[in-house]
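Novice: Got a file for you: upload-v2.tsv, TSV, C-alpha atoms.
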```
chain	number	residue	atom	x	y	z
A	1	MET	CA	-34.53	-6.76	-96.03
A	2	LYS	CA	-33.42	-5.31	-99.33
A	3	LYS	CA	-32.86	-2.04	-97.51
A	4	TYR	CA	-30.41	-3.70	-95.12
A	5	ILE	CA	-28.47	-5.35	-97.88
A	6	THR	CA	-28.02	-2.04	-99.69
A	7	ILE	CA	-27.02	-0.36	-96.44
A	8	ILE	CA	-24.42	-3.01	-95.69
A	9	ILE	CA	-23.01	-2.83	-99.21
A	10	VAL	CA	-22.82	0.96	-99.08
A	11	SER	CA	-21.09	0.80	-95.70
A	12	PHE	CA	-18.47	-1.60	-96.91
A	13	LEU	CA	-17.84	0.51	-99.98
A	14	ALA	CA	-17.47	3.53	-97.73
A	15	ILE	CA	-14.86	1.74	-95.64
A	16	LEU	CA	-12.98	0.45	-98.66
A	17	SER	CA	-12.99	3.86	-100.33
A	18	CYS	CA	-10.85	5.32	-97.54
A	19	GLU	CA	-7.49	5.63	-99.23
A	20	LYS	CA	-4.39	4.65	-97.35
A	21	ASP	CA	-2.11	7.58	-96.66
A	22	ASP	CA	0.34	5.93	-94.28
A	23	ILE	CA	3.14	5.46	-96.77
A	24	CYS	CA	5.01	8.39	-98.21
A	25	ILE	CA	5.07	8.09	-101.99
A	26	GLU	CA	5.26	11.75	-103.01
A	27	ALA	CA	8.52	13.47	-103.91
A	28	THR	CA	10.21	15.05	-100.92
A	29	THR	CA	13.26	17.32	-100.52
A	30	PRO	CA	14.91	17.61	-103.94
A	31	ASN	CA	18.59	17.20	-104.73
A	32	LEU	CA	20.66	19.68	-106.68
A	33	VAL	CA	21.10	18.33	-110.19
A	34	ILE	CA	24.28	19.28	-112.06
A	35	ARG	CA	24.92	18.49	-115.70
A	36	PHE	CA	28.35	18.59	-117.33
A	37	TYR	CA	28.92	20.16	-120.76
A	38	ASN	CA	31.84	20.60	-123.11
A	39	ASN	CA	33.29	24.08	-122.71
A	40	ASP	CA	34.27	24.28	-126.40
A	41	ILE	CA	30.94	23.20	-127.83
A	42	GLN	CA	28.55	24.38	-125.12
A	43	THR	CA	25.55	22.40	-126.32
A	44	ASP	CA	27.34	19.09	-126.02
A	45	VAL	CA	27.08	16.98	-122.91
A	46	LYS	CA	30.50	15.79	-121.79
A	47	ASP	CA	31.24	13.07	-119.28
A	48	VAL	CA	33.36	13.73	-116.23
A	49	LEU	CA	35.59	11.17	-114.62
A	50	LEU	CA	34.75	11.83	-111.01
A	51	ASP	CA	37.19	10.70	-108.35
A	52	SER	CA	34.89	11.82	-105.60
A	53	VAL	CA	32.32	14.38	-104.54
A	54	TRP	CA	31.85	15.52	-100.96
A	55	ALA	CA	30.56	18.35	-98.84
A	56	ILE	CA	33.04	19.96	-96.45
A	57	ASP	CA	33.34	18.02	-93.16
A	58	LYS	CA	31.41	15.13	-94.68
A	59	ASP	CA	32.22	11.73	-96.13
A	60	ARG	CA	32.55	11.22	-99.84
A	61	ILE	CA	29.25	10.44	-101.54
A	62	GLU	CA	29.23	6.70	-102.11
A	63	GLN	CA	27.50	6.94	-105.46
A	64	TYR	CA	30.14	9.18	-107.07
A	65	LYS	CA	33.40	7.39	-106.30
A	66	SER	CA	35.45	6.84	-109.47
A	67	VAL	CA	32.60	7.02	-111.94
A	68	SER	CA	32.26	8.52	-115.36
A	69	THR	CA	29.04	10.46	-115.63
A	70	ASP	CA	27.43	13.44	-117.34
A	71	SER	CA	25.26	14.46	-114.39
A	72	ILE	CA	25.13	14.26	-110.62
A	73	ALA	CA	22.40	14.82	-108.04
A	74	ILE	CA	23.74	15.99	-104.70
A	75	PRO	CA	21.83	16.83	-101.51
A	76	LEU	CA	21.94	20.35	-100.09
A	77	ASN	CA	22.25	20.98	-96.37
A	78	LEU	CA	18.73	21.73	-95.14
A	79	ASN	CA	19.88	22.94	-91.75
A	80	GLU	CA	21.92	25.83	-93.15
A	81	ASN	CA	21.66	28.38	-95.93
A	82	SER	CA	24.76	27.21	-97.75
A	83	THR	CA	26.56	24.02	-98.68
A	84	THR	CA	30.14	23.80	-99.87
A	85	TYR	CA	31.01	20.94	-102.16
A	86	ILE	CA	34.33	19.74	-103.45
A	87	ILE	CA	34.27	17.99	-106.78
A	88	GLU	CA	37.39	16.10	-107.74
A	89	ASN	CA	37.99	15.29	-111.38
A	90	ASN	CA	41.19	13.52	-112.44
A	91	SER	CA	42.81	14.43	-109.10
A	92	ILE	CA	42.01	18.11	-109.63
A	93	LYS	CA	39.73	19.64	-107.01
A	94	ASP	CA	37.27	22.46	-107.41
A	95	THR	CA	35.30	23.99	-104.57
A	96	LEU	CA	31.79	25.27	-105.09
A	97	LYS	CA	29.77	27.07	-102.46
A	98	PHE	CA	26.01	27.01	-102.98
A	99	ILE	CA	24.07	29.77	-101.24
A	100	TYR	CA	20.29	29.62	-101.06
A	101	ASP	CA	17.14	30.38	-99.10
A	102	ARG	CA	15.19	27.50	-97.61
A	103	LYS	CA	11.45	27.09	-97.60
A	104	ASP	CA	9.52	24.21	-96.07
A	105	VAL	CA	6.50	23.12	-98.08
A	106	PHE	CA	3.78	20.81	-96.82
A	107	VAL	CA	3.44	17.59	-98.83
A	108	SER	CA	1.13	15.15	-97.08
A	109	ARG	CA	0.35	13.40	-93.79
A	110	SER	CA	2.87	10.63	-94.26
A	111	CYS	CA	5.58	12.68	-96.01
A	112	GLY	CA	5.29	15.75	-93.80
A	113	TYR	CA	7.24	18.73	-95.08
A	114	LYS	CA	9.88	18.96	-97.78
A	115	THR	CA	12.47	21.69	-98.08
A	116	ILE	CA	12.80	23.59	-101.32
A	117	PHE	CA	15.67	25.94	-102.09
A	118	GLU	CA	15.31	29.37	-103.65
A	119	ASN	CA	17.58	32.19	-104.91
A	120	LEU	CA	20.41	29.80	-105.62
A	121	GLN	CA	23.80	31.46	-106.00
A	122	ILE	CA	27.23	29.94	-106.50
A	123	GLU	CA	30.54	31.13	-105.12
A	124	SER	CA	33.47	29.48	-106.78
A	125	ASN	CA	36.77	29.82	-104.98
A	126	SER	CA	38.83	27.94	-107.50
A	127	ILE	CA	38.82	27.54	-111.25
A	128	ASN	CA	40.80	24.42	-111.93
A	129	TRP	CA	38.95	21.98	-114.12
A	130	ILE	CA	35.63	23.85	-114.09
A	131	LYS	CA	35.75	26.57	-116.73
A	132	ASN	CA	32.28	28.00	-116.48
A	133	ILE	CA	29.07	27.62	-114.48
A	134	ASN	CA	25.56	28.50	-115.46
A	135	ILE	CA	22.48	28.49	-113.21
A	136	ASN	CA	19.54	27.24	-115.24
A	137	ASN	CA	17.03	27.34	-112.46
A	138	ALA	CA	17.52	29.26	-109.22
A	139	ILE	CA	14.58	27.47	-107.59
A	140	ILE	CA	15.15	23.84	-106.65
A	141	GLU	CA	11.70	22.34	-106.29
A	142	ASN	CA	12.19	18.95	-107.89
A	143	ASP	CA	15.04	16.91	-109.27
A	144	THR	CA	13.71	16.12	-112.71
A	145	ALA	CA	15.77	18.69	-114.68
A	146	ALA	CA	19.28	20.05	-114.18
A	147	HIS	CA	19.51	23.21	-112.11
A	148	ILE	CA	23.15	23.91	-112.92
A	149	SER	CA	25.32	23.43	-116.00
A	150	ILE	CA	29.05	23.05	-115.52
A	151	PHE	CA	31.33	23.58	-118.54
A	152	HIS	CA	34.71	21.91	-118.60
B	1	MET	CA	-59.34	-40.69	-88.76
B	2	ILE	CA	-61.60	-38.22	-90.52
B	3	GLN	CA	-63.35	-37.51	-87.25
B	4	GLN	CA	-60.06	-36.75	-85.58
B	5	HIS	CA	-59.20	-34.27	-88.30
B	6	ILE	CA	-62.52	-32.51	-88.01
B	7	PHE	CA	-62.04	-32.35	-84.26
B	8	LEU	CA	-58.56	-30.81	-84.65
B	9	PHE	CA	-59.92	-28.32	-87.15
B	10	PHE	CA	-62.51	-27.03	-84.73
B	11	ILE	CA	-60.09	-26.91	-81.87
B	12	SER	CA	-57.65	-24.87	-83.90
B	13	ILE	CA	-60.36	-22.40	-84.91
B	14	LEU	CA	-61.30	-22.01	-81.28
B	15	PHE	CA	-57.68	-21.42	-80.37
B	16	THR	CA	-57.15	-18.74	-82.99
B	17	VAL	CA	-60.26	-16.97	-81.82
B	18	THR	CA	-59.15	-16.97	-78.20
B	19	VAL	CA	-55.59	-15.94	-79.11
B	20	ASN	CA	-56.89	-13.13	-81.25
B	21	SER	CA	-59.14	-11.83	-78.54
B	22	GLN	CA	-56.23	-11.90	-76.07
B	23	ALA	CA	-54.01	-10.00	-78.46
B	24	LYS	CA	-56.65	-7.36	-78.95
B	25	GLU	CA	-56.98	-6.91	-75.22
B	26	GLN	CA	-53.22	-6.48	-74.89
B	27	ASP	CA	-53.19	-4.02	-77.78
B	28	THR	CA	-55.52	-1.63	-76.05
B	29	ILE	CA	-53.37	-1.56	-72.92
B	30	LYS	CA	-49.79	-1.85	-74.14
B	31	ASN	CA	-49.78	-0.47	-77.62
B	32	LYS	CA	-49.00	3.10	-76.63
B	33	GLU	CA	-45.62	4.27	-77.86
B	34	LYS	CA	-43.51	6.81	-76.08
B	35	TYR	CA	-42.55	10.05	-77.79
B	36	GLY	CA	-40.10	12.35	-76.14
B	37	LEU	CA	-36.68	13.89	-75.88
B	38	ARG	CA	-33.74	11.57	-75.45
B	39	ILE	CA	-30.47	12.98	-74.16
B	40	GLY	CA	-27.23	11.20	-73.58
B	41	VAL	CA	-23.47	11.13	-73.70
B	42	ASP	CA	-20.96	9.36	-75.89
B	43	LEU	CA	-19.04	7.08	-73.55
B	44	SER	CA	-16.19	6.34	-75.95
B	45	LYS	CA	-14.79	9.87	-75.82
B	46	PRO	CA	-14.22	10.19	-72.04
B	47	ILE	CA	-12.81	6.64	-72.05
B	48	ASN	CA	-10.42	7.64	-74.82
B	49	SER	CA	-9.44	10.75	-72.86
B	50	PHE	CA	-8.67	8.58	-69.87
B	51	PHE	CA	-6.40	6.17	-71.74
B	52	GLN	CA	-4.78	8.59	-74.16
B	53	THR	CA	-3.39	11.61	-72.40
B	54	GLU	CA	-3.02	13.57	-75.63
B	55	THR	CA	-6.75	13.28	-76.36
B	56	LYS	CA	-9.58	15.12	-74.63
B	57	GLY	CA	-13.13	14.99	-75.85
B	58	LEU	CA	-16.79	14.92	-74.99
B	59	GLU	CA	-19.93	14.46	-77.04
B	60	LEU	CA	-23.53	15.01	-76.02
B	61	VAL	CA	-26.21	13.34	-78.09
B	62	SER	CA	-29.90	14.02	-78.27
B	63	ASP	CA	-32.85	13.06	-80.40
B	64	VAL	CA	-36.57	13.68	-80.61
B	65	ARG	CA	-39.08	11.23	-82.02
B	66	VAL	CA	-40.91	13.19	-84.65
B	67	LEU	CA	-42.80	10.52	-86.54
B	68	ARG	CA	-43.28	6.87	-85.69
B	69	ASN	CA	-40.04	5.81	-87.36
B	70	TYR	CA	-38.24	9.13	-87.71
B	71	TYR	CA	-36.08	10.82	-85.10
B	72	ALA	CA	-34.53	14.27	-85.39
B	73	ALA	CA	-31.01	14.01	-83.99
B	74	VAL	CA	-28.35	16.46	-82.82
B	75	GLU	CA	-24.83	15.85	-81.52
B	76	LEU	CA	-22.65	18.45	-79.85
B	77	GLY	CA	-19.05	17.92	-78.93
B	78	PHE	CA	-15.53	19.16	-78.50
B	79	LEU	CA	-12.15	17.59	-79.09
B	80	GLU	CA	-8.55	18.36	-78.29
B	81	LYS	CA	-6.20	15.86	-79.84
B	82	THR	CA	-2.50	15.72	-80.55
B	83	THR	CA	-1.58	13.62	-83.55
B	84	ASN	CA	1.91	12.29	-83.99
B	85	GLU	CA	2.96	11.26	-87.48
B	86	ASP	CA	6.38	10.17	-88.75
B	87	TYR	CA	7.42	13.68	-89.74
B	88	LEU	CA	4.73	15.80	-88.05
B	89	ASN	CA	3.20	16.57	-84.68
B	90	PHE	CA	0.12	18.75	-84.42
B	91	THR	CA	-2.75	19.53	-82.07
B	92	THR	CA	-6.35	19.95	-83.16
B	93	LYS	CA	-8.74	21.77	-80.85
B	94	GLY	CA	-12.33	22.71	-81.51
B	95	SER	CA	-16.01	22.02	-81.25
B	96	TYR	CA	-18.65	20.67	-83.57
B	97	ILE	CA	-22.35	20.23	-84.12
B	98	LYS	CA	-24.08	17.56	-86.15
B	99	ALA	CA	-27.76	17.65	-87.05
B	100	GLY	CA	-29.93	15.29	-89.02
B	101	PHE	CA	-32.35	12.43	-88.69
B	102	ASN	CA	-32.51	8.70	-88.05
B	103	TYR	CA	-34.92	6.30	-89.66
B	104	ASN	CA	-35.75	3.29	-87.48
B	105	ALA	CA	-35.95	0.23	-89.67
B	106	TYR	CA	-36.56	-2.18	-86.81
B	107	GLU	CA	-40.11	-3.46	-86.24
B	108	ASN	CA	-40.48	-3.76	-82.47
B	109	TRP	CA	-42.50	-6.30	-80.60
B	110	ILE	CA	-45.23	-4.81	-78.51
B	111	GLY	CA	-43.83	-2.95	-75.55
B	112	MET	CA	-40.28	-2.78	-76.89
B	113	ASN	CA	-38.50	0.41	-77.93
B	114	ASN	CA	-35.38	-0.77	-79.66
B	115	GLU	CA	-33.95	0.67	-82.83
B	116	ILE	CA	-31.80	-0.37	-85.72
B	117	TYR	CA	-31.46	2.78	-87.70
B	118	VAL	CA	-29.89	4.51	-90.62
B	119	GLY	CA	-29.39	8.23	-90.61
B	120	LEU	CA	-27.99	11.30	-92.25
B	121	ARG	CA	-26.15	14.15	-90.58
B	122	TYR	CA	-24.81	17.50	-91.57
B	123	GLY	CA	-21.71	18.34	-89.59
B	124	LEU	CA	-20.08	21.67	-88.90
B	125	SER	CA	-16.87	22.27	-86.97
B	126	PHE	CA	-14.94	25.30	-85.77
B	127	PHE	CA	-11.39	24.60	-84.71
B	128	ASN	CA	-7.73	25.58	-84.44
B	129	GLN	CA	-4.69	23.60	-85.54
B	130	THR	CA	-1.29	23.98	-83.94
B	131	LEU	CA	1.71	22.68	-85.81
B	132	ASN	CA	3.93	21.69	-82.89
B	133	SER	CA	6.90	20.31	-84.76
B	134	TYR	CA	8.04	18.78	-88.01
B	135	THR	CA	11.13	17.26	-89.53
B	136	PRO	CA	11.73	18.05	-93.20
B	137	ASN	CA	11.56	14.83	-95.15
B	138	VAL	CA	14.69	14.04	-97.11
B	139	TYR	CA	15.74	10.87	-98.84
B	140	GLY	CA	19.05	9.49	-97.65
B	141	THR	CA	21.18	10.29	-94.65
B	142	TYR	CA	23.89	12.56	-96.05
B	143	PHE	CA	22.42	15.58	-94.31
B	144	ILE	CA	20.24	14.76	-91.34
B	145	PRO	CA	17.51	17.38	-90.91
B	146	GLU	CA	16.89	19.00	-87.57
B	147	THR	CA	13.39	18.94	-86.12
B	148	ILE	CA	11.79	22.35	-86.31
B	149	GLU	CA	9.32	23.54	-83.67
B	150	PRO	CA	7.37	26.38	-85.20
B	151	ASN	CA	4.36	26.10	-82.81
B	152	THR	CA	2.29	27.90	-85.41
B	153	GLU	CA	-1.35	28.19	-84.49
B	154	PHE	CA	-3.83	28.30	-87.35
B	155	LYS	CA	-6.98	29.88	-85.99
B	156	ASP	CA	-10.62	30.14	-87.06
B	157	LEU	CA	-10.71	27.10	-89.31
B	158	THR	CA	-14.01	25.57	-90.34
B	159	ALA	CA	-15.16	22.39	-92.00
B	160	HIS	CA	-18.49	21.00	-92.99
B	161	TRP	CA	-19.43	17.54	-94.08
B	162	VAL	CA	-22.15	14.94	-94.55
B	163	GLU	CA	-22.40	11.74	-92.52
B	164	PHE	CA	-24.10	8.49	-93.26
B	165	VAL	CA	-24.94	6.78	-89.95
B	166	PHE	CA	-25.74	3.18	-89.19
B	167	GLY	CA	-26.47	2.14	-85.63
B	168	MET	CA	-28.66	0.61	-82.99
B	169	LYS	CA	-30.20	1.53	-79.66
B	170	VAL	CA	-31.48	-0.88	-77.03
B	171	GLU	CA	-33.67	-0.02	-74.07
B	172	THR	CA	-31.99	-1.77	-71.15
B	173	PHE	CA	-33.91	-0.33	-68.22
B	174	ASN	CA	-37.06	1.72	-68.46
B	175	ASN	CA	-36.22	4.80	-70.58
B	176	LEU	CA	-32.47	4.11	-70.41
B	177	PHE	CA	-30.84	3.32	-73.75
B	178	ILE	CA	-27.49	1.97	-74.79
B	179	GLY	CA	-26.51	2.69	-78.36
B	180	ALA	CA	-23.69	2.18	-80.78
B	181	SER	CA	-23.22	3.64	-84.21
B	182	ILE	CA	-20.73	3.95	-87.01
B	183	SER	CA	-20.64	6.88	-89.38
B	184	PHE	CA	-19.10	7.40	-92.80
B	185	ASN	CA	-18.12	10.99	-93.32
B	186	ASN	CA	-17.71	12.85	-96.55
B	187	LEU	CA	-16.06	16.24	-96.37
B	188	ILE	CA	-17.85	18.96	-98.35
B	189	SER	CA	-15.33	21.71	-97.78
B	190	THR	CA	-12.78	22.96	-95.29
B	191	THR	CA	-10.60	26.04	-94.90
B	192	ASP	CA	-7.12	24.61	-95.03
B	193	PRO	CA	-4.37	26.47	-93.22
B	194	ASP	CA	-1.58	28.09	-95.18
B	195	ASN	CA	1.12	25.54	-96.03
B	196	PHE	CA	-0.58	22.86	-93.95
B	197	LYS	CA	-3.67	20.67	-94.19
B	198	ASN	CA	-6.54	19.74	-91.88
B	199	LEU	CA	-5.55	16.15	-91.20
B	200	GLN	CA	-7.85	15.90	-88.20
B	201	ILE	CA	-11.17	17.67	-87.75
B	202	PRO	CA	-13.19	17.56	-84.51
B	203	GLY	CA	-16.32	15.48	-85.14
B	204	PHE	CA	-15.06	14.28	-88.49
B	205	ASN	CA	-11.97	12.53	-87.09
B	206	ARG	CA	-9.01	11.61	-89.25
B	207	VAL	CA	-9.26	13.04	-92.75
B	208	PHE	CA	-8.23	10.44	-95.28
B	209	LEU	CA	-6.56	11.28	-98.58
B	210	ASN	CA	-9.83	11.39	-100.52
B	211	ASN	CA	-11.57	13.60	-97.92
B	212	LYS	CA	-13.40	10.73	-96.27
B	213	GLY	CA	-13.59	9.74	-92.64
B	214	VAL	CA	-15.05	7.24	-90.22
B	215	GLY	CA	-16.58	7.80	-86.78
B	216	PHE	CA	-17.75	5.55	-83.97
B	217	ASN	CA	-19.80	6.26	-80.94
B	218	TYR	CA	-21.10	4.35	-77.98
B	219	THR	CA	-23.86	6.17	-76.15
B	220	LEU	CA	-25.79	5.99	-72.93
B	221	SER	CA	-28.98	8.04	-73.09
B	222	TYR	CA	-32.14	8.68	-71.15
B	223	LEU	CA	-35.59	9.21	-72.65
B	224	ILE	CA	-37.77	11.91	-71.13
B	225	PRO	CA	-41.22	10.80	-72.31
B	226	ILE	CA	-43.45	13.72	-73.21
B	227	ILE	CA	-46.47	12.11	-74.82
B	228	LYS	CA	-47.73	8.61	-75.45
B	229	LYS	CA	-49.38	7.95	-78.75
B	230	ASN	CA	-51.33	5.02	-80.05
B	231	LYS	CA	-49.69	3.03	-82.75
```
I'd like the structure from this file rewritten - as structure tokens, please.
Specialist:
Amino acid sequence: MKKYITIIIVSFLAILSCEKDDICIEATTPNLVIRFYNNDIQTDVKDVLLDSVWAIDKDRIEQYKSVSTDSIAIPLNLNENSTTYIIENNSIKDTLKFIYDRKDVFVSRSCGYKTIFENLQIESNSINWIKNININNAIIENDTAAHISIFH
Amino acid sequence: MIQQHIFLFFISILFTVTVNSQAKEQDTIKNKEKYGLRIGVDLSKPINSFFQTETKGLELVSDVRVLRNYYAAVELGFLEKTTNEDYLNFTTKGSYIKAGFNYNAYENWIGMNNEIYVGLRYGLSFFNQTLNSYTPNVYGTYFIPETIEPNTEFKDLTAHWVEFVFGMKVETFNNLFIGASISFNNLISTTDPDNFKNLQIPGFNRVFLNNKGVGFNYTLSYLIPIIKKNK
């Protein structure tokens, strides 16, 4: 009888020890993180008064309508190898074209694949309020640290 | 009163003697136990194949009674299954073998051959995975990802694992057994495909996050008696 009790207990433990993996909790496709710095003192973070931020042919990003911020996280187009963004600061627009390679990386059963972006390059067609751009990290794997610094 | 008790006492002694002698007689006739090869099929897999068009599978089961309470057991099977997750769709196809033993913990009445058993298995599987399609997972709806259909086939994958089995078998007609069992699987190792993971392994079933799995089977098997041994 003791044998049975141990068997039953072990079985229940075995069932309970199966971890749920139905809900996606891991980080998926990262955003491009941009941080704004003072062009005169390049180590100083400087806020930007954003009127709006949008990708060409897209709506304005809800989160960045008339806000003052020192950093933004914007999604990149994962169906194409480039995304063109327009960033409007104090009614002055600047256009930035991000060019990159895409790579799909397996995450888990519930999350599936995420897209990471490599060999990031920037084409800037206009220099209005943005004075200088620096790529800190050409590989966008996560959105914990800034990938780009913009000096203004 | 005392007389009555003495009378009952003697009667009961007589009864036990006669009952004992009867039991002994029965023992000599009926107490032979069958040893042999039992072969069968897992009924749950063809039934699953019938109701789920994206699943095809078959499992043959067999065991041999080695000692009075110990049975050497082997299971052979194949599975083709398409799994659809939120962001993934893949097909697993392959075959497997499981080998081990069962210990029958059930004390049968004379003439019965039923089992309630615990067992251990070592499982080995050879299979392919085909990643049919996936949709890159992105938070938000600013850019809506397109579903990609790479149809990549990952070939020559293997996995091996250990199973803890708990089940029962009942003799319904002479030599015909119906059985059901549940198994708790623990993955030892597997060759994971490049940039993908074995989320389903034939024989092991769904691979949970901590490399564990559960299996069920419902078998119909026939015993080919080879020898009869005394208890």
Novice: With a cut-off of 6 Å and counting all atoms listed in the file, select all residues of chain A in contact with chain B and give the selection as a PyMOL selection string.
Specialist: chain A and resi 19+28-29+77+106+112-114
Novice: How many Å separate atom CA of Tyr85 of chain A from atom CA of Tyr64 of chain A?
Specialist: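 Those two atoms sit 12.8 Å apart.
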Novice: So that I can check the surroundings of Thr219 of chain B, please list as number ranges by chain every protein, DNA and RNA residue that reaches within 7 Å of it, counting only C-alpha atoms and ignoring chain neighbours fewer than 3 positions away.
Specialist: B: 40-43, 178-180
Novice: Write to file, as a JSON list (two decimals), in the frame of the given file, the residues of the selection just made, with C-alpha atoms.
Specialist:
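So the final result, stored in part_36.json, reads:
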```json
[["chain", "number", "residue", "atom", "x", "y", "z"],
["B", 40, "GLY", "CA", -27.23, 11.20, -73.58],
["B", 41, "VAL", "CA", -23.47, 11.13, -73.70],
["B", 42, "ASP", "CA", -20.96, 9.36, -75.89],
["B", 43, "LEU", "CA", -19.04, 7.08, -73.55],
["B", 178, "ILE", "CA", -27.49, 1.97, -74.79],
["B", 179, "GLY", "CA", -26.51, 2.69, -78.36],
["B", 180, "ALA", "CA", -23.69, 2.18, -80.78]]
```
Novice: Report the centre and edge lengths, in Å to one decimal, of an axis-aligned box enclosing every atom of segment 66-77 of chain A listed in the file, padded by 8 Å on each side, as AutoDock Vina command-line options.
Specialist:
```
--center_x 28.6 --center_y 13.9 --center_z -106.9 --size_x 29.6 --size_y 30.1 --size_z 37.0
```
Novice: Quote the spacing between atom CA of Val67 of chain A and atom CA of Lys46 of chain A in Å to one decimal place.
Specialist: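 It comes out at 13.4 Å.
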Novice: For atom CA of Lys32 of chain B and atom CA of Val170 of chain B, quote the distance in Å rounded to one decimal.
Specialist: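 Computing it gives 18.0 Å between the two atoms.
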Novice: Hey, which of A:Ile34, A:Ala55, A:Ile61, A:Ile133 ends up closest to Ser82 of chain A? Count only C-alpha atoms.
Specialist: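 Checking each of A:Ile34, A:Ala55, A:Ile61, A:Ile133 against Ser82 of chain A, counting only C-alpha atoms, the winner is A:Ala55.
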Novice: Excluding same-chain residues fewer than 6 positions from Thr92 of chain B, what lies within 9 Å of it counting all atoms listed in the file, as a PyMOL selection string?
Specialist: chain B and resi 79-83+127-131+198-202
Novice: Which neighbours of Met112 of chain B fall inside 10 Å, counting all atoms listed in the file, when residues of the same chain fewer than 2 positions from it are skipped, and could you give them as an MDAnalysis selection string?
Specialist: chainID B and resid 30:31 33 107:110 114:115 170:171
Novice: Return the single residue from B:Ser49, B:Thr158, B:Ser189, B:Ser125 that is closest to Gly77 of chain B, with distances computed using only C-alpha atoms.
Specialist: B:Ser125
Novice: Which polymer residues, protein or nucleic acid, are no farther than 7 Å from (0.2, 10.5, -95.5), counting all atoms listed in the file, as a list in words?
Specialist: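 Those residues, ordered by chain and then number, are Asp21, Asp22, Ile23, Cys24, Ser108, Arg109, Ser110 and Cys111 of chain A.
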Novice: Would you kindly return, as a list in words, each protein, DNA or RNA residue with an atom no farther than 12 Å from any atom of Leu37 of chain B, considering all atoms listed in the file and excluding same-chain residues fewer than 6 positions away?
Specialist: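 After dropping sequence-adjacent residues, the list is Val61, Ser62, Asp63, Val64, Arg65, Val66, Tyr71, Ala72, Ala73, Val74, Asn175, Leu176, Ser221, Tyr222, Leu223, Ile224, Pro225, Ile226 and Ile227 of chain B.
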Novice: Find the residues near segment 119-127 of chain A: any atom within 6 Å, counting all atoms listed in the file, skip ones fewer than 2 places away on the same chain, and give them as a ChimeraX atom specification.
Specialist: /A:94,96-100,130,138
Novice: List every protein, DNA or RNA residue that has an atom no more than 12 Å from (31.7, 26.2, -123.0) in the file's coordinate frame, counting only C-alpha atoms, and report them as a count of residues only.
Specialist: 20
